[in-house]
file final-v6.cif (mmCIF, C-alpha atoms)
data_data
loop_
_atom_site.label_atom_id
_atom_site.label_comp_id
_atom_site.auth_asym_id
_atom_site.auth_seq_id
_atom_site.Cartn_x
_atom_site.Cartn_y
_atom_site.Cartn_z
CA MET G 634 -7.30 -6.16 -14.41
CA ASN G 635 -5.33 -4.76 -11.51
CA THR G 636 -1.88 -3.24 -11.79
CA THR G 637 0.32 -2.21 -8.93
CA ASP G 638 3.77 -0.71 -8.56
CA GLY G 639 7.10 -2.35 -7.85
CA ASN G 640 7.14 -6.09 -7.42
CA ALA G 641 3.44 -6.49 -6.75
CA ALA G 642 1.26 -8.85 -8.73
CA VAL G 643 -0.30 -7.96 -12.04
CA ALA G 644 -3.50 -9.67 -13.09
CA LEU G 645 -3.70 -10.94 -16.64
CA THR G 646 -7.25 -10.98 -17.97
CA ASP G 647 -8.79 -12.54 -21.03
CA PRO G 648 -12.04 -11.89 -22.86
CA ALA G 649 -13.78 -15.18 -22.42
CA GLY G 650 -17.22 -14.81 -23.63
CA PRO G 651 -16.21 -11.90 -23.13
CA ALA G 652 -14.87 -12.45 -19.58
CA GLY G 653 -11.45 -13.41 -18.37
CA PRO G 654 -9.34 -15.01 -15.69
CA GLU G 655 -7.26 -13.08 -13.28
CA VAL G 656 -4.04 -14.89 -12.48
CA PRO G 657 -1.23 -13.15 -10.59
CA ILE G 658 1.97 -12.80 -12.58
CA THR G 659 4.89 -11.05 -10.95
CA ASP G 660 6.30 -8.27 -13.03
CA THR G 661 9.80 -8.44 -11.59
CA PRO G 662 12.22 -9.02 -14.48
CA GLY G 663 13.75 -12.46 -14.51
CA THR G 664 11.33 -14.04 -12.07
CA THR G 665 9.02 -16.92 -12.91
CA THR G 666 5.45 -17.60 -11.99
CA PRO G 667 4.67 -20.42 -9.55
CA HIS G 668 4.64 -23.77 -11.35
CA ALA G 669 5.64 -22.14 -14.63
CA ALA G 670 8.62 -22.67 -16.91
CA GLU G 671 8.36 -19.35 -18.71
CA PRO G 672 9.60 -15.93 -17.59
CA ALA G 673 6.99 -13.55 -16.30
CA LYS G 674 5.19 -11.63 -19.01
CA PRO G 675 5.71 -7.87 -19.10
CA ALA G 676 2.86 -5.99 -17.47
CA SER G 677 2.57 -3.65 -20.46
CA HIS G 678 1.30 -6.51 -22.63
CA ILE G 679 -1.74 -6.92 -20.44
CA LEU G 680 -3.02 -3.53 -21.43
CA GLN G 681 -3.41 -4.02 -25.17
CA LEU G 682 -4.99 -7.45 -24.79
CA THR G 683 -7.49 -5.88 -22.42
CA GLY G 684 -8.04 -2.91 -24.71
CA VAL G 685 -8.87 -5.11 -27.68
CA ARG G 686 -11.79 -6.47 -25.67
CA ALA G 687 -13.28 -2.96 -25.66
CA LEU G 688 -13.10 -2.82 -29.46
CA ALA G 689 -14.71 -6.24 -29.82
CA ALA G 690 -17.57 -5.45 -27.43
CA SER G 691 -18.18 -2.06 -29.06
CA TRP G 692 -18.22 -3.73 -32.46
CA VAL G 693 -20.96 -6.13 -31.32
CA LEU G 694 -22.95 -3.26 -29.77
CA MET G 695 -22.72 -1.18 -32.96
CA PHE G 696 -23.86 -4.19 -34.97
CA HIS G 697 -27.03 -4.60 -32.92
CA PHE G 698 -27.84 -0.87 -32.76
CA ARG G 699 -26.94 -0.17 -36.38
CA PRO G 700 -30.50 0.36 -37.80
CA GLU G 701 -31.34 3.04 -35.23
CA LEU G 702 -27.88 4.59 -35.40
CA LEU G 703 -28.04 4.94 -39.17
CA LEU G 704 -31.63 6.22 -39.16
CA GLY G 705 -30.87 8.82 -36.54
CA PHE G 706 -27.35 9.74 -37.57
CA GLY G 707 -27.12 9.46 -41.33
CA PHE G 708 -23.56 10.78 -41.32
CA LEU G 709 -22.49 7.39 -39.93
CA HIS G 710 -23.13 5.72 -43.30
CA PRO G 711 -19.39 5.31 -44.04
CA LEU G 712 -19.27 2.91 -41.08
CA VAL G 713 -22.06 0.65 -42.38
CA PRO G 714 -19.71 -2.04 -43.84
CA LEU G 715 -18.04 -2.31 -40.41
CA MET G 716 -21.25 -2.25 -38.40
CA ASN G 717 -22.90 -4.87 -40.61
CA VAL G 718 -20.30 -7.50 -39.63
CA GLY G 719 -20.03 -6.63 -35.95
CA TYR G 720 -20.93 -10.22 -35.11
CA LEU G 721 -17.29 -11.00 -35.93
CA GLY G 722 -16.47 -9.35 -32.62
CA VAL G 723 -17.58 -12.63 -31.04
CA ASP G 724 -15.06 -14.52 -33.17
CA LEU G 725 -12.36 -12.11 -32.05
CA PHE G 726 -13.33 -12.89 -28.45
CA PHE G 727 -13.08 -16.64 -29.10
CA VAL G 728 -9.58 -16.30 -30.56
CA LEU G 729 -8.44 -14.04 -27.73
CA SER G 730 -9.87 -16.40 -25.14
CA GLY G 731 -7.88 -19.34 -26.51
CA PHE G 732 -4.73 -17.24 -26.59
CA ILE G 733 -4.92 -15.89 -23.05
CA LEU G 734 -6.08 -19.07 -21.34
CA THR G 735 -3.24 -21.03 -22.92
CA TYR G 736 -0.72 -18.29 -22.17
CA THR G 737 -1.84 -18.13 -18.55
CA HIS G 738 -2.68 -21.72 -17.68
CA LEU G 739 -0.69 -24.10 -19.91
CA ASP G 740 2.30 -24.51 -17.59
CA ARG G 741 0.19 -24.43 -14.47
CA MET G 742 -2.14 -27.12 -15.79
CA ILE G 743 0.60 -29.44 -17.06
CA ASP G 744 2.76 -29.24 -13.93
CA GLY G 745 1.19 -32.01 -11.85
CA TYR G 746 -1.69 -32.46 -14.28
CA SER G 747 -4.60 -34.08 -12.47
CA TRP G 748 -8.36 -33.96 -12.03
CA LYS G 749 -7.79 -31.31 -9.34
CA LYS G 750 -6.15 -29.03 -11.87
CA MET G 751 -9.01 -29.62 -14.29
CA VAL G 752 -11.70 -28.87 -11.69
CA GLY G 753 -9.78 -25.87 -10.38
CA PHE G 754 -9.49 -24.39 -13.87
CA LEU G 755 -13.19 -24.92 -14.57
CA TRP G 756 -14.17 -23.36 -11.25
CA LEU G 757 -12.14 -20.25 -12.01
CA ARG G 758 -13.79 -19.95 -15.42
CA PHE G 759 -17.24 -20.65 -13.95
CA SER G 760 -16.74 -17.93 -11.34
CA ARG G 761 -15.85 -15.51 -14.12
CA ILE G 762 -18.82 -15.98 -16.42
CA TRP G 763 -21.69 -17.57 -14.46
CA PRO G 764 -22.62 -15.04 -11.74
CA LEU G 765 -23.20 -12.13 -14.09
CA MET G 766 -24.91 -14.33 -16.66
CA PHE G 767 -27.32 -15.63 -14.00
CA PHE G 768 -27.88 -12.13 -12.61
CA MET G 769 -28.84 -10.93 -16.08
CA MET G 770 -31.22 -13.88 -16.43
CA LEU G 771 -33.03 -12.63 -13.33
CA VAL G 772 -33.10 -9.11 -14.74
CA TRP G 773 -34.56 -10.44 -17.98
CA ALA G 774 -37.12 -12.45 -16.03
CA ALA G 775 -38.30 -9.30 -14.26
CA TYR G 776 -38.33 -7.37 -17.53
CA LEU G 777 -40.33 -10.03 -19.37
CA ALA G 778 -42.71 -10.41 -16.44
CA PHE G 779 -43.36 -6.67 -16.61
CA LEU G 780 -44.05 -6.92 -20.34
CA THR G 781 -46.37 -9.86 -19.75
CA VAL G 782 -48.45 -7.90 -17.25
CA HIS G 783 -48.54 -4.61 -19.10
CA ASN G 784 -48.29 -5.59 -22.77
CA ASN G 785 -49.49 -9.19 -22.80
CA ASP G 786 -46.08 -10.17 -24.19
CA GLY G 787 -45.89 -13.94 -24.65
CA ARG G 788 -42.10 -14.28 -24.46
CA MET G 789 -42.16 -14.79 -20.71
CA GLN G 790 -44.40 -17.83 -21.01
CA ALA G 791 -42.09 -19.21 -23.68
CA ALA G 792 -39.05 -18.61 -21.46
CA LEU G 793 -40.65 -20.22 -18.41
CA ASN G 794 -39.60 -23.64 -19.55
CA PRO G 795 -37.79 -25.62 -16.81
CA GLU G 796 -35.64 -27.43 -19.35
CA ARG G 797 -34.46 -24.19 -20.94
CA PHE G 798 -33.90 -22.56 -17.55
CA LEU G 799 -31.67 -25.46 -16.47
CA ALA G 800 -29.86 -25.32 -19.81
CA HIS G 801 -28.86 -21.75 -19.03
CA VAL G 802 -27.95 -22.55 -15.43
CA PHE G 803 -25.59 -25.31 -16.60
CA LEU G 804 -24.28 -23.22 -19.52
CA VAL G 805 -25.38 -25.63 -22.23
CA GLN G 806 -28.12 -23.47 -23.77
CA ALA G 807 -26.29 -23.14 -27.12
CA TRP G 808 -25.23 -26.77 -27.45
CA THR G 809 -28.30 -27.43 -29.58
CA THR G 810 -30.12 -25.36 -32.18
CA THR G 811 -32.54 -24.08 -29.53
CA HIS G 812 -31.20 -20.92 -27.95
CA HIS G 813 -31.58 -17.15 -28.01
CA ASP G 814 -34.10 -17.29 -25.17
CA TRP G 815 -33.91 -15.37 -21.90
CA ASN G 816 -30.97 -13.06 -22.60
CA PRO G 817 -30.70 -13.56 -26.38
CA ILE G 818 -26.94 -13.05 -26.58
CA ASP G 819 -25.63 -15.22 -23.75
CA TRP G 820 -25.33 -18.13 -26.19
CA SER G 821 -21.63 -17.28 -26.60
CA LEU G 822 -21.01 -17.99 -22.91
CA SER G 823 -22.38 -21.48 -23.42
CA ALA G 824 -20.04 -21.83 -26.39
CA GLU G 825 -17.11 -20.62 -24.27
CA TRP G 826 -17.97 -23.15 -21.56
CA MET G 827 -17.72 -25.87 -24.18
CA ALA G 828 -14.23 -24.59 -25.04
CA TYR G 829 -13.21 -24.55 -21.36
CA LEU G 830 -14.26 -28.17 -20.94
CA ALA G 831 -12.30 -29.11 -24.05
CA PHE G 832 -9.25 -27.17 -22.84
CA THR G 833 -8.95 -29.27 -19.68
CA VAL G 834 -8.25 -32.27 -21.93
CA PHE G 835 -6.55 -30.70 -24.94
CA VAL G 836 -4.11 -28.78 -22.76
CA VAL G 837 -2.02 -31.98 -22.82
CA LEU G 838 -1.98 -31.87 -26.62
CA PHE G 839 -1.06 -28.17 -26.59
CA ALA G 840 1.88 -28.93 -24.30
CA LYS G 841 3.12 -31.62 -26.70
CA LEU G 842 2.73 -29.29 -29.66
CA ARG G 843 4.87 -26.76 -27.86
CA LEU G 844 7.64 -29.33 -27.37
CA HIS G 845 7.58 -31.30 -30.61
CA VAL G 846 6.20 -29.15 -33.45
CA SER G 847 8.28 -26.55 -35.25
CA SER G 848 7.22 -22.92 -35.35
CA ARG G 849 6.38 -23.23 -39.03
CA GLY G 850 4.25 -26.25 -38.25
CA LEU G 851 2.45 -24.32 -35.50
CA VAL G 852 1.67 -21.50 -37.91
CA LEU G 853 0.14 -23.99 -40.34
CA LEU G 854 -1.83 -25.70 -37.56
CA ALA G 855 -3.23 -22.36 -36.35
CA LEU G 856 -4.30 -21.51 -39.90
CA PHE G 857 -5.83 -24.93 -40.57
CA SER G 858 -7.75 -24.80 -37.29
CA VAL G 859 -9.85 -21.82 -38.43
CA LEU G 860 -10.17 -22.67 -42.12
CA PRO G 861 -13.30 -24.84 -41.57
CA VAL G 862 -15.12 -21.78 -40.18
CA VAL G 863 -14.02 -19.75 -43.19
CA PHE G 864 -15.01 -22.35 -45.81
CA ILE G 865 -18.33 -23.29 -44.21
CA GLY G 866 -19.17 -19.69 -43.31
CA MET G 867 -18.73 -18.52 -46.88
CA GLY G 868 -21.64 -20.76 -47.89
CA PHE G 869 -24.04 -18.98 -45.54
CA GLN G 870 -26.42 -16.18 -46.46
CA ASP G 871 -25.43 -12.53 -46.19
CA GLY G 872 -26.59 -11.26 -42.82
CA SER G 873 -26.65 -14.74 -41.29
CA ASP G 874 -24.36 -13.63 -38.42
CA LEU G 875 -22.49 -16.94 -38.92
CA LEU G 876 -25.36 -18.67 -37.12
CA TRP G 877 -28.57 -18.61 -39.10
CA ASN G 878 -30.16 -20.14 -42.14
CA ASN G 879 -33.19 -17.86 -42.37
CA ASP G 880 -34.92 -18.45 -39.00
CA ASN G 881 -32.99 -21.59 -38.02
CA ILE G 882 -29.66 -21.97 -36.24
CA VAL G 883 -27.35 -24.07 -38.41
CA GLU G 884 -26.76 -27.34 -36.60
CA GLY G 885 -23.17 -27.73 -35.41
CA ILE G 886 -22.05 -24.19 -36.23
CA VAL G 887 -21.64 -23.09 -32.60
CA PRO G 888 -19.18 -25.84 -31.56
CA LEU G 889 -17.32 -25.55 -34.87
CA ARG G 890 -17.01 -21.81 -34.50
CA VAL G 891 -15.86 -21.67 -30.89
CA LEU G 892 -13.63 -24.75 -30.77
CA SER G 893 -11.75 -23.99 -33.99
CA GLU G 894 -11.16 -20.34 -33.15
CA PHE G 895 -10.26 -21.11 -29.54
CA ALA G 896 -7.74 -23.72 -30.75
CA GLY G 897 -6.27 -21.24 -33.21
CA GLY G 898 -5.75 -18.69 -30.45
CA ALA G 899 -4.19 -21.37 -28.25
CA ILE G 900 -1.66 -22.35 -30.92
CA VAL G 901 -0.72 -18.73 -31.53
CA SER G 902 -0.17 -18.42 -27.78
CA ILE G 903 2.25 -21.37 -27.92
CA LEU G 904 4.19 -19.55 -30.63
CA VAL G 905 4.43 -16.42 -28.51
CA MET G 906 5.51 -18.44 -25.46
CA ARG G 907 8.22 -20.11 -27.53
CA HIS G 908 9.68 -16.97 -29.06
CA GLY G 909 9.04 -14.57 -26.17
CA THR G 910 7.20 -11.30 -25.99
CA ASN G 911 10.17 -9.32 -27.26
CA ALA G 912 10.30 -11.00 -30.67
CA ARG G 913 10.84 -8.57 -33.54
CA LEU G 914 8.27 -8.55 -36.30
CA PRO G 915 8.61 -7.16 -39.84
CA TRP G 916 6.45 -4.12 -40.50
CA PHE G 917 3.87 -6.09 -42.48
CA LEU G 918 3.17 -8.37 -39.48
CA ARG G 919 2.83 -5.63 -36.89
CA PRO G 920 -0.55 -4.85 -35.30
CA THR G 921 -1.18 -1.55 -37.07
CA THR G 922 -0.58 -3.12 -40.49
CA VAL G 923 -2.72 -6.16 -39.71
CA PHE G 924 -5.52 -3.96 -38.35
CA VAL G 925 -5.49 -1.78 -41.49
CA VAL G 926 -5.63 -4.88 -43.71
CA ILE G 927 -8.61 -6.24 -41.74
CA ILE G 928 -10.49 -2.94 -42.07
CA ALA G 929 -9.65 -2.71 -45.78
CA LEU G 930 -11.00 -6.22 -46.40
CA LEU G 931 -14.21 -5.46 -44.49
CA TYR G 932 -14.82 -2.57 -46.90
CA LEU G 933 -13.51 -4.21 -50.06
CA ILE G 934 -15.38 -7.52 -49.87
CA PRO G 935 -18.94 -6.06 -49.76
CA ALA G 936 -18.02 -3.74 -52.62
CA ILE G 937 -16.96 -6.59 -54.92
CA ASP G 938 -19.19 -9.38 -53.58
CA PRO G 939 -20.32 -11.19 -56.75
CA ALA G 940 -22.86 -13.46 -55.03
CA LYS G 941 -25.23 -11.55 -52.80
CA ARG G 942 -27.39 -14.07 -50.93
CA TRP G 943 -29.58 -11.92 -48.70
CA ARG G 944 -31.17 -13.38 -45.64
CA TYR G 945 -34.90 -14.04 -46.25
CA ASP G 946 -34.15 -12.96 -49.85
CA GLN G 947 -34.83 -9.41 -48.65
CA ASN G 948 -32.92 -6.36 -49.83
CA TRP G 949 -32.87 -4.62 -46.44
CA SER G 950 -31.61 -1.10 -47.00
CA ILE G 951 -31.64 2.15 -45.03
CA TYR G 952 -31.04 5.36 -46.98
CA GLY G 953 -29.82 3.15 -49.82
CA HIS G 954 -27.24 1.32 -47.69
CA LEU G 955 -27.54 -2.46 -47.56
CA MET G 956 -27.82 -3.64 -43.94
CA TRP G 957 -26.91 -7.29 -44.54
CA GLY G 958 -23.25 -7.95 -43.89
CA SER G 959 -21.45 -9.83 -46.65
CA ILE G 960 -20.74 -13.32 -45.29
CA GLU G 961 -17.50 -13.54 -47.27
CA THR G 962 -15.94 -11.20 -44.68
CA VAL G 963 -15.40 -14.34 -42.60
CA VAL G 964 -12.04 -14.52 -44.40
CA VAL G 965 -10.67 -12.05 -41.84
CA VAL G 966 -10.88 -14.65 -39.04
CA PRO G 967 -7.36 -15.99 -39.76
CA LEU G 968 -6.12 -12.41 -39.52
CA PHE G 969 -7.53 -12.24 -35.98
CA LEU G 970 -4.94 -14.88 -35.07
CA LEU G 971 -2.18 -12.72 -36.50
CA LEU G 972 -3.56 -9.59 -34.84
CA ILE G 973 -3.65 -11.10 -31.35
CA GLY G 974 -0.25 -12.71 -31.71
CA SER G 975 1.36 -9.52 -32.99
CA LEU G 976 -0.21 -7.46 -30.20
CA ALA G 977 1.41 -9.75 -27.66
CA VAL G 978 4.91 -9.09 -29.00
CA SER G 979 4.72 -5.50 -30.27
CA ARG G 980 5.32 -2.97 -27.56
CA ARG G 981 5.99 0.20 -29.55
CA ASP G 982 3.43 -0.23 -32.29
CA LEU G 983 0.90 2.59 -32.77
CA PHE G 984 -2.16 0.35 -32.54
CA THR G 985 -0.71 -1.36 -29.47
CA ARG G 986 -0.32 2.00 -27.75
CA LEU G 987 -3.87 2.99 -28.67
CA LEU G 988 -5.28 -0.19 -27.12
CA ALA G 989 -3.22 0.39 -24.00
CA THR G 990 -4.77 3.79 -23.30
CA ARG G 991 -6.69 4.21 -20.07
CA VAL G 992 -10.10 4.55 -21.75
CA LEU G 993 -9.77 1.36 -23.78
CA VAL G 994 -8.35 -0.60 -20.87
CA TRP G 995 -11.37 0.47 -18.80
CA GLY G 996 -13.59 -0.50 -21.72
CA GLY G 997 -11.95 -3.90 -21.79
CA LYS G 998 -12.65 -4.42 -18.10
CA VAL G 999 -16.37 -3.73 -18.48
CA SER G 1000 -16.70 -5.41 -21.90
CA PHE G 1001 -18.22 -8.62 -20.54
CA ALA G 1002 -20.91 -6.71 -18.67
CA LEU G 1003 -21.54 -4.45 -21.68
CA TYR G 1004 -21.93 -7.49 -23.89
CA LEU G 1005 -24.50 -9.05 -21.55
CA VAL G 1006 -26.53 -5.93 -20.79
CA HIS G 1007 -26.72 -4.00 -24.05
CA TRP G 1008 -29.50 -6.10 -25.64
CA LEU G 1009 -31.80 -5.26 -22.74
CA TYR G 1010 -31.52 -1.56 -23.54
CA LEU G 1011 -31.82 -2.26 -27.25
CA ASP G 1012 -35.11 -4.07 -26.67
CA ALA G 1013 -36.40 -1.36 -24.33
CA MET G 1014 -35.38 1.38 -26.77
CA ARG G 1015 -37.25 -0.27 -29.63
CA ARG G 1016 -40.34 -0.63 -27.47
CA VAL G 1017 -40.24 3.05 -26.53
CA LEU G 1018 -39.91 4.01 -30.18
CA GLY G 1019 -42.64 1.57 -31.16
CA ASN G 1020 -45.01 3.06 -28.61
CA HIS G 1021 -44.34 6.61 -29.82
CA LEU G 1022 -44.75 6.42 -33.55
CA HIS G 1023 -44.68 10.20 -33.86
CA ILE G 1024 -41.02 9.93 -32.76
CA ALA G 1025 -40.17 6.71 -34.61
CA ASP G 1026 -41.48 8.18 -37.86
CA ARG G 1027 -39.06 11.12 -37.55
CA PRO G 1028 -35.65 9.45 -36.98
CA THR G 1029 -33.73 12.67 -37.58
CA SER G 1030 -35.61 14.45 -34.80
CA LEU G 1031 -33.89 15.41 -31.56
CA ALA G 1032 -36.18 13.13 -29.55
CA TYR G 1033 -35.31 10.05 -31.64
CA ARG G 1034 -31.59 10.73 -31.45
CA LEU G 1035 -31.73 11.31 -27.71
CA ILE G 1036 -33.56 8.03 -27.12
CA VAL G 1037 -30.89 6.11 -29.07
CA LEU G 1038 -28.01 7.86 -27.33
CA VAL G 1039 -29.56 7.46 -23.89
CA ALA G 1040 -30.05 3.72 -24.49
CA ILE G 1041 -26.37 3.28 -25.40
CA ALA G 1042 -25.23 5.50 -22.53
CA LEU G 1043 -27.34 3.53 -20.04
CA ALA G 1044 -25.87 0.28 -21.37
CA VAL G 1045 -22.34 1.60 -20.79
CA LEU G 1046 -23.19 2.95 -17.33
CA SER G 1047 -24.89 -0.31 -16.37
CA ALA G 1048 -21.84 -2.24 -17.58
CA HIS G 1049 -19.61 -0.19 -15.31
CA LEU G 1050 -21.88 -0.79 -12.31
CA LEU G 1051 -22.33 -4.48 -13.06
CA PHE G 1052 -18.58 -4.97 -13.37
CA ASN G 1053 -17.85 -3.33 -10.03
CA PHE G 1054 -20.79 -4.51 -7.93
CA VAL G 1055 -21.76 -7.89 -9.40
CA GLU G 1056 -19.11 -9.40 -11.65
CA GLU G 1057 -15.99 -8.64 -9.61
CA ARG G 1058 -17.48 -9.20 -6.18
CA ALA G 1059 -19.04 -12.52 -7.15
CA ARG G 1060 -15.87 -13.68 -8.85
CA LYS G 1061 -13.70 -12.89 -5.84
CA THR G 1062 -16.15 -14.58 -3.48
CA MET G 1063 -16.30 -17.74 -5.57
CA ARG G 1064 -12.55 -17.76 -6.06
CA ARG G 1065 -12.01 -17.81 -2.29
CA LEU G 1066 -14.06 -21.01 -2.12
CA LEU G 1067 -11.50 -22.88 -4.22
CA PRO G 1068 -9.04 -24.93 -2.11
CA ARG G 1069 -5.39 -23.96 -2.55
CA SER G 1070 -4.56 -27.46 -3.75
CA MET G 1071 -6.86 -26.96 -6.75
CA ASN G 1072 -5.72 -23.47 -7.73
CA VAL G 1073 -4.26 -23.05 -11.18
#

call {"tool": "encode", "arguments": {"input": "final-v6.cif", "output": "structure tokens"}}
result
Amino acid sequence: MNTTDGNAAVALTDPAGPAGPEVPITDTPGTTTPHAAEPAKPASHILQLTGVRALAASWVLMFHFRPELLLGFGFLHPLVPLMNVGYLGVDLFFVLSGFILTYTHLDRMIDGYSWKKMVGFLWLRFSRIWPLMFFMMLVWAAYLAFLTVHNNDGRMQAALNPERFLAHVFLVQAWTTTHHDWNPIDWSLSAEWMAYLAFTVFVVLFAKLRLHVSSRGLVLLALFSVLPVVFIGMGFQDGSDLLWNNDNIVEGIVPLRVLSEFAGGAIVSILVMRHGTNARLPWFLRPTTVFVVIIALLYLIPAIDPAKRWRYDQNWSIYGHLMWGSIETVVVVPLFLLLIGSLAVSRRDLFTRLLATRVLVWGGKVSFALYLVHWLYLDAMRRVLGNHLHIADRPTSLAYRLIVLVAIALAVLSAHLLFNFVEERARKTMRRLLPRSMNV
């Protein structure tokens, strides 16, 4: 996200997968964007919607690193209920993606709606997520090739499947129940691509909803859009990450999860566009209150969960703390809609200001790269610990703690470098290839 002074353009970014578009929006009061019917959005609102990406990406990272973090730093045990459900950071990304893409592109897509607008939109999204995803595939290929040569690791042979390689290249790797190969976490980009394709068609429906459905009706539609994920998710096992039934991906869960949450975010965006970004909210709907309620539920639900259904029927505990996240915490997904919507219209709220700080805005910028690179360092860290059992067997030792911290630090540093030297440069290059007549 780039901000400049005066009347210069401000780029609005979203967390799709988690990556986002950059569409110039003038920040001069009273002006309108090209081909748009709405007033320009205040530049300050960009900051908190970027900052929330940093929280979501960090939540996912903490979820994946949680066994080593708890073993090495036992004082983190109060955070276990939050870390155990860090996979919900992906759901927050899906909601935010639907919100921002609708907020940014609805008017532009509908004004002169045509196949050119559809292709232009998809190219912009492709240029945002594909280059870095493909770059990380090459990095994983080199990493797995190294393991094959030195450790006789068989995962490279399994990955060297032309069909699976092409599935990744065309971003359809998660459209079936066969994924988590190559980079194990890029499945969400495939899910996002599905949502982008759907958006090019459903943008017409969103425009009609904006014109013909009351605000109360939109609230109900947004809620109903995510309820299937809540109801179906509550039947999963604890620790299933909203994907798994033991070792199998639940058929249909990926499209249900991304399309419903994306649609919910889109409808909330329509509400914000209708009422403006200066709408006044009662205290109980403001971001700080909603955030506190979400955190409270994430602690309360595991404490009172009457039906523990552990994955693999295993009571996985570290220092007496259960490491399976209670699946009933999926009930907070509707609150993600409220959180994103309230952030967009609450300028003076405490949580809004926190998300708009320089550190979190920077974290939001590099969140996509951090999401894609952190599993590589997680895998390498576990291999180092596995090869040095005298360290792994003493998790409170200085060596163990340093290895964990260095792995996380390298993931963050790599994310910063990837954002600046791969993600941004590739995106700008690909964006320049798009004809002006197809720009949205």

call {"tool": "resolve_selection", "arguments": {"input": "final-v6.cif", "expression": "the PyMOL selection byres ((chain G and resi 723) around 8)", "output": "PDB file with C-alpha atoms, in the coordinates of the input"}}
result
ATOM      1  CA  GLY G 650     -17.220 -14.810 -23.630  1.00  0.00           C
ATOM      2  CA  ALA G 689     -14.710  -6.240 -29.820  1.00  0.00           C
ATOM      3  CA  VAL G 693     -20.960  -6.130 -31.320  1.00  0.00           C
ATOM      4  CA  TYR G 720     -20.930 -10.220 -35.110  1.00  0.00           C
ATOM      5  CA  LEU G 721     -17.290 -11.000 -35.930  1.00  0.00           C
ATOM      6  CA  GLY G 722     -16.470  -9.350 -32.620  1.00  0.00           C
ATOM      7  CA  ASP G 724     -15.060 -14.520 -33.170  1.00  0.00           C
ATOM      8  CA  LEU G 725     -12.360 -12.110 -32.050  1.00  0.00           C
ATOM      9  CA  PHE G 726     -13.330 -12.890 -28.450  1.00  0.00           C
ATOM     10  CA  PHE G 727     -13.080 -16.640 -29.100  1.00  0.00           C
ATOM     11  CA  SER G 821     -21.630 -17.280 -26.600  1.00  0.00           C
TER      12      SER G 821
END

call {"tool": "resolve_selection", "arguments": {"input": "final-v6.cif", "expression": "the PyMOL selection byres ((chain G and resi 1038-1045) around 9)", "output": "mmCIF file with C-alpha atoms, in the coordinates of the input"}}
result
data_model
loop_
_atom_site.group_PDB
_atom_site.id
_atom_site.type_symbol
_atom_site.label_atom_id
_atom_site.label_comp_id
_atom_site.auth_asym_id
_atom_site.auth_seq_id
_atom_site.Cartn_x
_atom_site.Cartn_y
_atom_site.Cartn_z
ATOM 1 C CA LEU G 694 -22.950 -3.260 -29.770
ATOM 2 C CA PHE G 698 -27.840 -0.870 -32.760
ATOM 3 C CA LEU G 702 -27.880 4.590 -35.400
ATOM 4 C CA VAL G 999 -16.370 -3.730 -18.480
ATOM 5 C CA ALA G 1002 -20.910 -6.710 -18.670
ATOM 6 C CA LEU G 1003 -21.540 -4.450 -21.680
ATOM 7 C CA VAL G 1006 -26.530 -5.930 -20.790
ATOM 8 C CA HIS G 1007 -26.720 -4.000 -24.050
ATOM 9 C CA TRP G 1008 -29.500 -6.100 -25.640
ATOM 10 C CA LEU G 1009 -31.800 -5.260 -22.740
ATOM 11 C CA TYR G 1010 -31.520 -1.560 -23.540
ATOM 12 C CA LEU G 1011 -31.820 -2.260 -27.250
ATOM 13 C CA ALA G 1013 -36.400 -1.360 -24.330
ATOM 14 C CA MET G 1014 -35.380 1.380 -26.770
ATOM 15 C CA TYR G 1033 -35.310 10.050 -31.640
ATOM 16 C CA ARG G 1034 -31.590 10.730 -31.450
ATOM 17 C CA LEU G 1035 -31.730 11.310 -27.710
ATOM 18 C CA ILE G 1036 -33.560 8.030 -27.120
ATOM 19 C CA VAL G 1037 -30.890 6.110 -29.070
ATOM 20 C CA LEU G 1046 -23.190 2.950 -17.330
ATOM 21 C CA SER G 1047 -24.890 -0.310 -16.370
ATOM 22 C CA ALA G 1048 -21.840 -2.240 -17.580
ATOM 23 C CA HIS G 1049 -19.610 -0.190 -15.310
ATOM 24 C CA LEU G 1050 -21.880 -0.790 -12.310
#

call {"tool": "resolve_selection", "arguments": {"input": "final-v6.cif", "expression": "the PyMOL selection byres ((chain G and resi 747) around 12)", "output": "list of chain:residue names"}}
result
G:Arg741, G:Met742, G:Ile743, G:Asp744, G:Gly745, G:Tyr746, G:Trp748, G:Lys749, G:Lys750, G:Met751, G:Val752, G:Gly753, G:Phe754, G:Thr833, G:Val834, G:Val836, G:Val837, G:Ser1070, G:Met1071, G:Asn1072, G:Val1073

call {"tool": "closest_residue", "arguments": {"input": "final-v6.cif", "among": "G:Ala774, G:Leu729, G:Val1017, G:Ala828", "to": "Val685 (chain G)", "atoms": "all atoms listed in the file"}}
result
G:Leu729

call {"tool": "atom_distance", "arguments": {"input": "final-v6.cif", "atom1": "CA of Val852 (chain G)", "atom2": "CA of Ser902 (chain G)"}}
result
10.7 Å

call {"tool": "closest_residue", "arguments": {"input": "final-v6.cif", "among": "G:His801, G:Arg913, G:Arg1069, G:His845", "to": "Trp826 (chain G)", "atoms": "all atoms listed in the file"}}
result
G:His801

call {"tool": "closest_residue", "arguments": {"input": "final-v6.cif", "among": "G:Asp871, G:Met770, G:Arg1027, G:Arg1064", "to": "Arg758 (chain G)", "atoms": "all atoms listed in the file"}}
result
G:Arg1064

call {"tool": "atom_distance", "arguments": {"input": "final-v6.cif", "atom1": "CA of Ala690 (chain G)", "atom2": "CA of Leu976 (chain G)"}}
result
17.7 Å
